[in-house]
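S.K.: Input structure: coords_39.txt, which contains compact mmCIF, N, CA and C atoms.
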# COMPACT_ATOMS: atom_id res chain seq x y z
N MET A 1 33.27 52.68 -12.90
CA MET A 1 32.37 51.92 -12.05
C MET A 1 31.48 52.90 -11.30
N SER A 2 30.19 52.62 -11.29
CA SER A 2 29.24 53.53 -10.67
C SER A 2 29.31 53.46 -9.15
N GLU A 3 28.69 54.44 -8.54
CA GLU A 3 28.65 54.51 -7.06
C GLU A 3 27.93 53.28 -6.49
N PHE A 4 26.86 52.86 -7.15
CA PHE A 4 26.10 51.71 -6.67
C PHE A 4 26.87 50.41 -6.86
N SER A 5 27.68 50.34 -7.91
CA SER A 5 28.51 49.14 -8.10
C SER A 5 29.54 49.03 -6.99
N LYS A 6 30.07 50.16 -6.55
CA LYS A 6 31.03 50.15 -5.44
C LYS A 6 30.35 49.71 -4.15
N LYS A 7 29.12 50.19 -3.94
CA LYS A 7 28.36 49.76 -2.76
C LYS A 7 28.07 48.26 -2.82
N THR A 8 27.77 47.79 -4.02
CA THR A 8 27.47 46.37 -4.20
C THR A 8 28.71 45.53 -3.93
N GLU A 9 29.88 46.01 -4.37
CA GLU A 9 31.13 45.30 -4.05
C GLU A 9 31.32 45.20 -2.55
N ALA A 10 31.08 46.30 -1.84
CA ALA A 10 31.23 46.29 -0.38
C ALA A 10 30.25 45.30 0.25
N ILE A 11 29.05 45.23 -0.29
CA ILE A 11 28.05 44.30 0.23
C ILE A 11 28.52 42.86 0.02
N LEU A 12 29.06 42.56 -1.14
CA LEU A 12 29.53 41.21 -1.42
C LEU A 12 30.73 40.84 -0.55
N HIS A 13 31.57 41.81 -0.23
CA HIS A 13 32.70 41.53 0.66
C HIS A 13 32.24 41.17 2.07
N LYS A 14 31.08 41.66 2.48
CA LYS A 14 30.55 41.37 3.82
C LYS A 14 29.80 40.04 3.88
N TYR A 15 29.52 39.45 2.75
CA TYR A 15 28.66 38.27 2.69
C TYR A 15 29.16 37.13 3.59
N SER A 16 30.42 36.79 3.47
CA SER A 16 30.93 35.66 4.27
C SER A 16 30.93 35.99 5.77
N ASP A 17 31.15 37.26 6.12
CA ASP A 17 31.09 37.65 7.53
C ASP A 17 29.68 37.49 8.07
N MET A 18 28.70 37.91 7.29
CA MET A 18 27.31 37.79 7.73
C MET A 18 26.90 36.33 7.84
N GLN A 19 27.34 35.51 6.91
CA GLN A 19 27.03 34.08 6.98
C GLN A 19 27.67 33.45 8.22
N PHE A 20 28.89 33.88 8.54
CA PHE A 20 29.56 33.38 9.75
C PHE A 20 28.78 33.77 11.00
N ILE A 21 28.29 35.00 11.05
CA ILE A 21 27.51 35.44 12.21
C ILE A 21 26.27 34.58 12.37
N ILE A 22 25.59 34.32 11.27
CA ILE A 22 24.37 33.51 11.33
C ILE A 22 24.70 32.09 11.78
N ASP A 23 25.78 31.53 11.26
CA ASP A 23 26.15 30.16 11.59
C ASP A 23 26.65 29.98 13.02
N SER A 24 27.30 30.98 13.57
CA SER A 24 27.96 30.82 14.87
C SER A 24 27.23 31.44 16.05
N THR A 25 26.18 32.20 15.81
CA THR A 25 25.53 32.91 16.91
C THR A 25 24.91 31.98 17.93
N ASP A 26 24.26 30.90 17.50
CA ASP A 26 23.63 29.98 18.45
C ASP A 26 24.65 29.44 19.45
N GLU A 27 25.81 29.05 18.95
CA GLU A 27 26.85 28.51 19.83
C GLU A 27 27.37 29.57 20.80
N LYS A 28 27.54 30.80 20.30
CA LYS A 28 28.03 31.87 21.17
C LYS A 28 27.01 32.22 22.24
N ILE A 29 25.72 32.16 21.89
CA ILE A 29 24.68 32.44 22.89
C ILE A 29 24.72 31.38 23.98
N LYS A 30 24.86 30.13 23.59
CA LYS A 30 24.94 29.05 24.59
C LYS A 30 26.16 29.24 25.49
N GLU A 31 27.31 29.58 24.92
CA GLU A 31 28.52 29.80 25.72
C GLU A 31 28.32 30.95 26.70
N THR A 32 27.67 32.01 26.24
CA THR A 32 27.44 33.17 27.11
C THR A 32 26.49 32.82 28.24
N GLU A 33 25.45 32.06 27.93
CA GLU A 33 24.52 31.66 28.98
C GLU A 33 25.19 30.78 30.02
N VAL A 34 26.06 29.87 29.58
CA VAL A 34 26.79 29.02 30.53
C VAL A 34 27.71 29.87 31.39
N MET A 35 28.35 30.85 30.77
CA MET A 35 29.25 31.74 31.52
C MET A 35 28.46 32.53 32.57
N MET A 36 27.22 32.88 32.25
CA MET A 36 26.42 33.68 33.17
C MET A 36 26.03 32.90 34.42
N ILE A 37 25.71 31.62 34.26
CA ILE A 37 25.19 30.86 35.40
C ILE A 37 26.24 29.99 36.07
N GLY A 38 27.37 29.81 35.41
CA GLY A 38 28.40 28.95 35.97
C GLY A 38 29.12 29.57 37.13
N VAL A 39 29.66 28.72 37.97
CA VAL A 39 30.47 29.17 39.10
C VAL A 39 31.91 29.13 38.66
N LYS A 40 32.60 30.23 38.85
CA LYS A 40 33.99 30.32 38.43
C LYS A 40 34.88 29.59 39.43
N SER A 41 35.77 28.79 38.91
CA SER A 41 36.71 28.06 39.75
C SER A 41 37.80 29.01 40.25
N PRO A 42 38.24 28.81 41.47
CA PRO A 42 39.31 29.67 41.97
C PRO A 42 40.63 29.34 41.26
N SER A 43 41.39 30.37 41.04
CA SER A 43 42.72 30.14 40.46
C SER A 43 43.75 30.19 41.58
N LEU A 44 44.62 29.22 41.59
CA LEU A 44 45.62 29.13 42.64
C LEU A 44 46.95 29.63 42.10
N ASP A 45 47.12 30.93 42.19
CA ASP A 45 48.35 31.51 41.69
C ASP A 45 49.23 32.08 42.80
N GLY A 46 48.80 31.89 44.04
CA GLY A 46 49.61 32.33 45.17
C GLY A 46 49.36 33.77 45.59
N MET A 47 48.60 34.51 44.82
CA MET A 47 48.32 35.90 45.15
C MET A 47 47.07 35.98 46.02
N PRO A 48 47.05 36.89 46.99
CA PRO A 48 45.86 37.03 47.82
C PRO A 48 44.69 37.58 46.98
N LYS A 49 43.50 37.12 47.30
CA LYS A 49 42.32 37.51 46.54
C LYS A 49 41.51 38.54 47.32
N ILE A 50 40.85 39.39 46.56
CA ILE A 50 39.93 40.37 47.15
C ILE A 50 38.52 39.85 46.90
N HIS A 51 37.75 39.72 47.94
CA HIS A 51 36.40 39.20 47.82
C HIS A 51 35.48 40.28 47.24
N ASN A 52 34.76 39.92 46.20
CA ASN A 52 33.78 40.82 45.60
C ASN A 52 32.40 40.21 45.80
N PRO A 53 31.60 40.77 46.70
CA PRO A 53 30.29 40.18 46.97
C PRO A 53 29.32 40.32 45.80
N ASN A 54 29.63 41.17 44.85
CA ASN A 54 28.74 41.40 43.70
C ASN A 54 29.24 40.71 42.43
N ALA A 55 30.19 39.84 42.54
CA ALA A 55 30.80 39.22 41.37
C ALA A 55 29.78 38.46 40.53
N HIS A 56 28.89 37.73 41.20
CA HIS A 56 27.90 36.94 40.47
C HIS A 56 26.94 37.86 39.69
N GLU A 57 26.47 38.92 40.34
CA GLU A 57 25.58 39.87 39.67
C GLU A 57 26.28 40.55 38.49
N GLU A 58 27.55 40.90 38.69
CA GLU A 58 28.31 41.54 37.61
C GLU A 58 28.48 40.59 36.42
N ARG A 59 28.70 39.32 36.71
CA ARG A 59 28.85 38.33 35.63
C ARG A 59 27.53 38.19 34.87
N ILE A 60 26.40 38.20 35.58
CA ILE A 60 25.09 38.10 34.92
C ILE A 60 24.83 39.33 34.06
N LEU A 61 25.14 40.51 34.58
CA LEU A 61 24.93 41.74 33.81
C LEU A 61 25.82 41.77 32.56
N LYS A 62 27.06 41.37 32.72
CA LYS A 62 27.97 41.33 31.57
C LYS A 62 27.46 40.34 30.53
N GLY A 63 26.98 39.19 30.97
CA GLY A 63 26.43 38.20 30.05
C GLY A 63 25.18 38.72 29.34
N ALA A 64 24.33 39.43 30.07
CA ALA A 64 23.11 39.99 29.46
C ALA A 64 23.48 41.01 28.38
N GLU A 65 24.49 41.82 28.64
CA GLU A 65 24.96 42.78 27.63
C GLU A 65 25.51 42.05 26.40
N GLN A 66 26.27 40.99 26.63
CA GLN A 66 26.81 40.22 25.50
C GLN A 66 25.69 39.57 24.70
N LEU A 67 24.67 39.07 25.39
CA LEU A 67 23.53 38.47 24.69
C LEU A 67 22.81 39.50 23.83
N ASP A 68 22.64 40.71 24.35
CA ASP A 68 22.01 41.77 23.56
C ASP A 68 22.81 42.06 22.29
N VAL A 69 24.13 42.13 22.42
CA VAL A 69 24.98 42.38 21.26
C VAL A 69 24.88 41.24 20.26
N LEU A 70 24.88 40.01 20.74
CA LEU A 70 24.78 38.85 19.85
C LEU A 70 23.44 38.83 19.12
N HIS A 71 22.37 39.12 19.82
CA HIS A 71 21.04 39.14 19.18
C HIS A 71 20.96 40.27 18.14
N GLU A 72 21.52 41.41 18.46
CA GLU A 72 21.50 42.53 17.51
C GLU A 72 22.30 42.20 16.25
N ARG A 73 23.49 41.63 16.43
CA ARG A 73 24.31 41.23 15.28
C ARG A 73 23.58 40.19 14.43
N TYR A 74 22.94 39.24 15.09
CA TYR A 74 22.20 38.20 14.36
C TYR A 74 21.05 38.80 13.56
N GLN A 75 20.32 39.73 14.15
CA GLN A 75 19.22 40.37 13.43
C GLN A 75 19.72 41.14 12.22
N LYS A 76 20.83 41.85 12.37
CA LYS A 76 21.40 42.59 11.24
C LYS A 76 21.86 41.64 10.14
N ALA A 77 22.47 40.53 10.53
CA ALA A 77 22.96 39.56 9.54
C ALA A 77 21.80 38.90 8.80
N THR A 78 20.73 38.56 9.52
CA THR A 78 19.59 37.94 8.84
C THR A 78 18.88 38.95 7.93
N ALA A 79 18.80 40.20 8.34
CA ALA A 79 18.21 41.23 7.48
C ALA A 79 19.06 41.41 6.22
N TYR A 80 20.37 41.41 6.39
CA TYR A 80 21.29 41.52 5.25
C TYR A 80 21.06 40.36 4.27
N MET A 81 21.01 39.13 4.80
CA MET A 81 20.82 37.97 3.94
C MET A 81 19.44 37.99 3.27
N ALA A 82 18.42 38.45 3.98
CA ALA A 82 17.08 38.54 3.40
C ALA A 82 17.03 39.55 2.26
N TRP A 83 17.95 40.50 2.26
CA TRP A 83 18.01 41.51 1.21
C TRP A 83 18.88 41.04 0.04
N VAL A 84 20.02 40.43 0.34
CA VAL A 84 20.99 40.09 -0.70
C VAL A 84 20.67 38.78 -1.42
N LYS A 85 20.31 37.74 -0.68
CA LYS A 85 20.11 36.42 -1.30
C LYS A 85 19.06 36.41 -2.40
N PRO A 86 17.88 37.01 -2.22
CA PRO A 86 16.91 37.00 -3.33
C PRO A 86 17.42 37.73 -4.58
N ALA A 87 18.12 38.83 -4.38
CA ALA A 87 18.67 39.56 -5.52
C ALA A 87 19.74 38.72 -6.22
N PHE A 88 20.60 38.10 -5.42
CA PHE A 88 21.67 37.28 -5.99
C PHE A 88 21.10 36.09 -6.76
N SER A 89 20.01 35.53 -6.27
CA SER A 89 19.41 34.37 -6.95
C SER A 89 18.76 34.75 -8.28
N GLN A 90 18.47 36.02 -8.49
CA GLN A 90 17.89 36.49 -9.75
C GLN A 90 18.93 36.64 -10.86
N LEU A 91 20.20 36.59 -10.50
CA LEU A 91 21.26 36.68 -11.51
C LEU A 91 21.31 35.39 -12.32
N SER A 92 21.86 35.49 -13.51
CA SER A 92 22.04 34.28 -14.31
C SER A 92 23.11 33.40 -13.66
N ASP A 93 23.17 32.15 -14.07
CA ASP A 93 24.17 31.24 -13.52
C ASP A 93 25.58 31.75 -13.78
N ASP A 94 25.82 32.29 -14.96
CA ASP A 94 27.14 32.82 -15.29
C ASP A 94 27.50 34.01 -14.40
N GLU A 95 26.53 34.91 -14.19
CA GLU A 95 26.78 36.07 -13.33
C GLU A 95 27.04 35.63 -11.89
N GLN A 96 26.28 34.67 -11.41
CA GLN A 96 26.51 34.16 -10.07
C GLN A 96 27.89 33.54 -9.95
N PHE A 97 28.30 32.78 -10.95
CA PHE A 97 29.62 32.15 -10.93
C PHE A 97 30.71 33.21 -10.87
N ILE A 98 30.60 34.23 -11.70
CA ILE A 98 31.63 35.28 -11.76
C ILE A 98 31.72 36.00 -10.42
N LEU A 99 30.59 36.44 -9.89
CA LEU A 99 30.61 37.18 -8.63
C LEU A 99 31.05 36.30 -7.46
N THR A 100 30.67 35.03 -7.49
CA THR A 100 31.12 34.12 -6.45
C THR A 100 32.63 33.97 -6.47
N GLU A 101 33.19 33.81 -7.64
CA GLU A 101 34.64 33.65 -7.74
C GLU A 101 35.38 34.91 -7.30
N PHE A 102 34.88 36.07 -7.67
CA PHE A 102 35.57 37.33 -7.35
C PHE A 102 35.36 37.80 -5.92
N TYR A 103 34.19 37.51 -5.33
CA TYR A 103 33.88 38.10 -4.02
C TYR A 103 33.57 37.10 -2.91
N LEU A 104 33.12 35.91 -3.23
CA LEU A 104 32.67 34.99 -2.19
C LEU A 104 33.55 33.76 -2.05
N SER A 105 34.43 33.53 -2.97
CA SER A 105 35.29 32.35 -2.94
C SER A 105 36.37 32.52 -1.87
N PRO A 106 36.74 31.44 -1.19
CA PRO A 106 37.80 31.54 -0.19
C PRO A 106 39.15 31.92 -0.80
N ASP A 107 39.38 31.53 -2.06
CA ASP A 107 40.65 31.86 -2.72
C ASP A 107 40.37 32.81 -3.88
N ARG A 108 40.15 34.09 -3.55
CA ARG A 108 39.83 35.09 -4.56
C ARG A 108 41.02 35.48 -5.42
N SER A 109 42.22 35.09 -4.99
CA SER A 109 43.42 35.50 -5.72
C SER A 109 43.50 34.86 -7.10
N ILE A 110 42.81 33.74 -7.29
CA ILE A 110 42.86 33.09 -8.60
C ILE A 110 41.54 33.23 -9.36
N ALA A 111 40.69 34.16 -8.93
CA ALA A 111 39.38 34.34 -9.55
C ALA A 111 39.50 34.68 -11.03
N LEU A 112 40.40 35.57 -11.36
CA LEU A 112 40.57 35.96 -12.77
C LEU A 112 40.93 34.75 -13.62
N TYR A 113 41.87 33.97 -13.16
CA TYR A 113 42.28 32.78 -13.89
C TYR A 113 41.14 31.78 -14.00
N THR A 114 40.44 31.54 -12.90
CA THR A 114 39.34 30.57 -12.89
C THR A 114 38.24 30.96 -13.87
N VAL A 115 37.84 32.23 -13.83
CA VAL A 115 36.76 32.69 -14.70
C VAL A 115 37.21 32.69 -16.17
N SER A 116 38.42 33.16 -16.43
CA SER A 116 38.89 33.19 -17.83
C SER A 116 39.02 31.78 -18.39
N THR A 117 39.44 30.83 -17.58
CA THR A 117 39.55 29.44 -18.02
C THR A 117 38.16 28.83 -18.24
N TYR A 118 37.24 29.11 -17.36
CA TYR A 118 35.89 28.56 -17.46
C TYR A 118 35.18 29.02 -18.73
N PHE A 119 35.31 30.32 -19.04
CA PHE A 119 34.62 30.88 -20.22
C PHE A 119 35.50 30.90 -21.47
N HIS A 120 36.80 30.58 -21.33
CA HIS A 120 37.75 30.62 -22.45
C HIS A 120 37.81 32.02 -23.07
N VAL A 121 37.99 33.02 -22.21
CA VAL A 121 38.06 34.41 -22.66
C VAL A 121 39.28 35.09 -22.05
N GLU A 122 39.58 36.28 -22.56
CA GLU A 122 40.73 37.04 -22.07
C GLU A 122 40.36 37.83 -20.82
N ARG A 123 41.40 38.39 -20.21
CA ARG A 123 41.23 39.14 -18.96
C ARG A 123 40.26 40.29 -19.11
N SER A 124 40.41 41.05 -20.18
CA SER A 124 39.55 42.23 -20.36
C SER A 124 38.07 41.83 -20.44
N THR A 125 37.80 40.70 -21.06
CA THR A 125 36.42 40.21 -21.16
C THR A 125 35.90 39.77 -19.79
N VAL A 126 36.77 39.16 -19.01
CA VAL A 126 36.38 38.75 -17.66
C VAL A 126 36.00 39.97 -16.83
N TYR A 127 36.83 41.02 -16.87
CA TYR A 127 36.53 42.23 -16.11
C TYR A 127 35.24 42.88 -16.61
N ALA A 128 35.02 42.87 -17.91
CA ALA A 128 33.78 43.44 -18.45
C ALA A 128 32.57 42.66 -17.96
N ARG A 129 32.67 41.34 -17.95
CA ARG A 129 31.55 40.51 -17.47
C ARG A 129 31.34 40.70 -15.97
N LYS A 130 32.43 40.84 -15.23
CA LYS A 130 32.30 41.06 -13.78
C LYS A 130 31.59 42.39 -13.52
N ASN A 131 32.00 43.43 -14.24
CA ASN A 131 31.37 44.74 -14.05
C ASN A 131 29.90 44.72 -14.47
N LYS A 132 29.59 43.99 -15.52
CA LYS A 132 28.20 43.87 -15.96
C LYS A 132 27.38 43.12 -14.91
N ALA A 133 27.93 42.06 -14.34
CA ALA A 133 27.23 41.32 -13.29
C ALA A 133 27.03 42.18 -12.05
N LEU A 134 28.04 42.98 -11.70
CA LEU A 134 27.92 43.90 -10.56
C LEU A 134 26.82 44.93 -10.81
N ASP A 135 26.79 45.47 -12.02
CA ASP A 135 25.75 46.45 -12.36
C ASP A 135 24.36 45.82 -12.28
N HIS A 136 24.24 44.58 -12.75
CA HIS A 136 22.95 43.89 -12.69
C HIS A 136 22.53 43.67 -11.24
N LEU A 137 23.46 43.23 -10.40
CA LEU A 137 23.15 43.03 -8.99
C LEU A 137 22.81 44.36 -8.32
N SER A 138 23.51 45.42 -8.68
CA SER A 138 23.21 46.75 -8.14
C SER A 138 21.79 47.17 -8.49
N THR A 139 21.39 46.90 -9.72
CA THR A 139 20.03 47.21 -10.14
C THR A 139 19.01 46.42 -9.33
N LEU A 140 19.31 45.17 -9.10
CA LEU A 140 18.39 44.33 -8.31
C LEU A 140 18.32 44.78 -6.85
N LEU A 141 19.44 45.23 -6.30
CA LEU A 141 19.47 45.65 -4.89
C LEU A 141 18.91 47.05 -4.68
N TYR A 142 19.29 47.98 -5.57
CA TYR A 142 18.95 49.39 -5.36
C TYR A 142 17.90 49.91 -6.33
N GLY A 143 17.59 49.14 -7.36
CA GLY A 143 16.62 49.59 -8.34
C GLY A 143 17.15 50.64 -9.29
N ARG A 144 18.48 50.77 -9.36
CA ARG A 144 19.09 51.78 -10.26
C ARG A 144 20.15 51.14 -11.10
Could you express the structure from this file as structure tokens?
M.R.:
Amino acid sequence: MSEFSKKTEAILHKYSDMQFIIDSTDEKIKETEVMMIGVKSPSLDGMPKIHNPNAHEERILKGAEQLDVLHERYQKATAYMAWVKPAFSQLSDDEQFILTEFYLSPDRSIALYTVSTYFHVERSTVYARKNKALDHLSTLLYGR
């Protein structure tokens, strides 16, 4: 397996994480904004409290830092998807199916069985087709 095929495998393993970031960032931003402006309820645990006159400012600063991190992660995830999705869509339907089963499916443990059953081929043929699909995607992503 070539160096670029290994990089492509790593990219495919990150796909679901990047999609999760894109899907969940809006909700996390809203939660962070609410945390920044909300008034914290006192906890009655019987322990004496120390008054912090800067607590509100500290909460706003912490929230602003979290928002920066969320926006940065979102930008990286969208850039990743803008790079990977067009290349993935250029693959044939069979190549997309194989790579989806091996790298993007929630139950990757049965990918070999699923692909071999779908194409009615042996294990060695499935691995050969997977490697060929990876090489094709590598060429589309890296031009090599």
S.K.: Please provide the set of residues having any atom within 7 Å of range 63-65 of chain A, restricted to only C-alpha atoms, with same-chain residues fewer than 5 positions apart removed, written as a list of chain:residue names.
M.R.: A:Thr32, A:Glu33, A:Met36
S.K.: Compile the contact shell of range 72-85 of chain A as a VMD selection string: residues with an atom at most 8 Å away, counting only N, CA and C atoms, same-chain residues fewer than 2 positions apart removed.
M.R.: chain A and resid 15 17 to 19 21 to 22 25 66 to 70 87 to 90 140 to 141
S.K.: Can you pull out the residues contacting Val115 in chain A? Cut-off 6.5 Å, using all atoms listed in the file, and skip same-chain residues under 6 positions away; I want them as a list in words.
M.R.: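 Listing them by chain and then by number gives Ile98, Val121 and Val126 of chain A.
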S.K.: Counting only N, CA and C atoms, what is within 8 Å of range 103-107 of chain A, bar same-chain residues fewer than 5 positions away, as a PyMOL selection string?
M.R.: chain A and resi 9+12-16+97-98+112
S.K.: May I ask for the distance between CA of Gln96 in chain A and atom C of His71 in chain A, given in Å to one decimal place?
M.R.: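 So the two atoms, CA of Gln96 in chain A and atom C of His71 in chain A, lie 29.4 Å apart.
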S.K.: Between CA of Ser116 in chain A and CA of Asp135 in chain A, what is the distance in Å, rounded to a tenth?
M.R.: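 Answer for the CA of Ser116 in chain A to CA of Asp135 in chain A separation: 19.5 Å.
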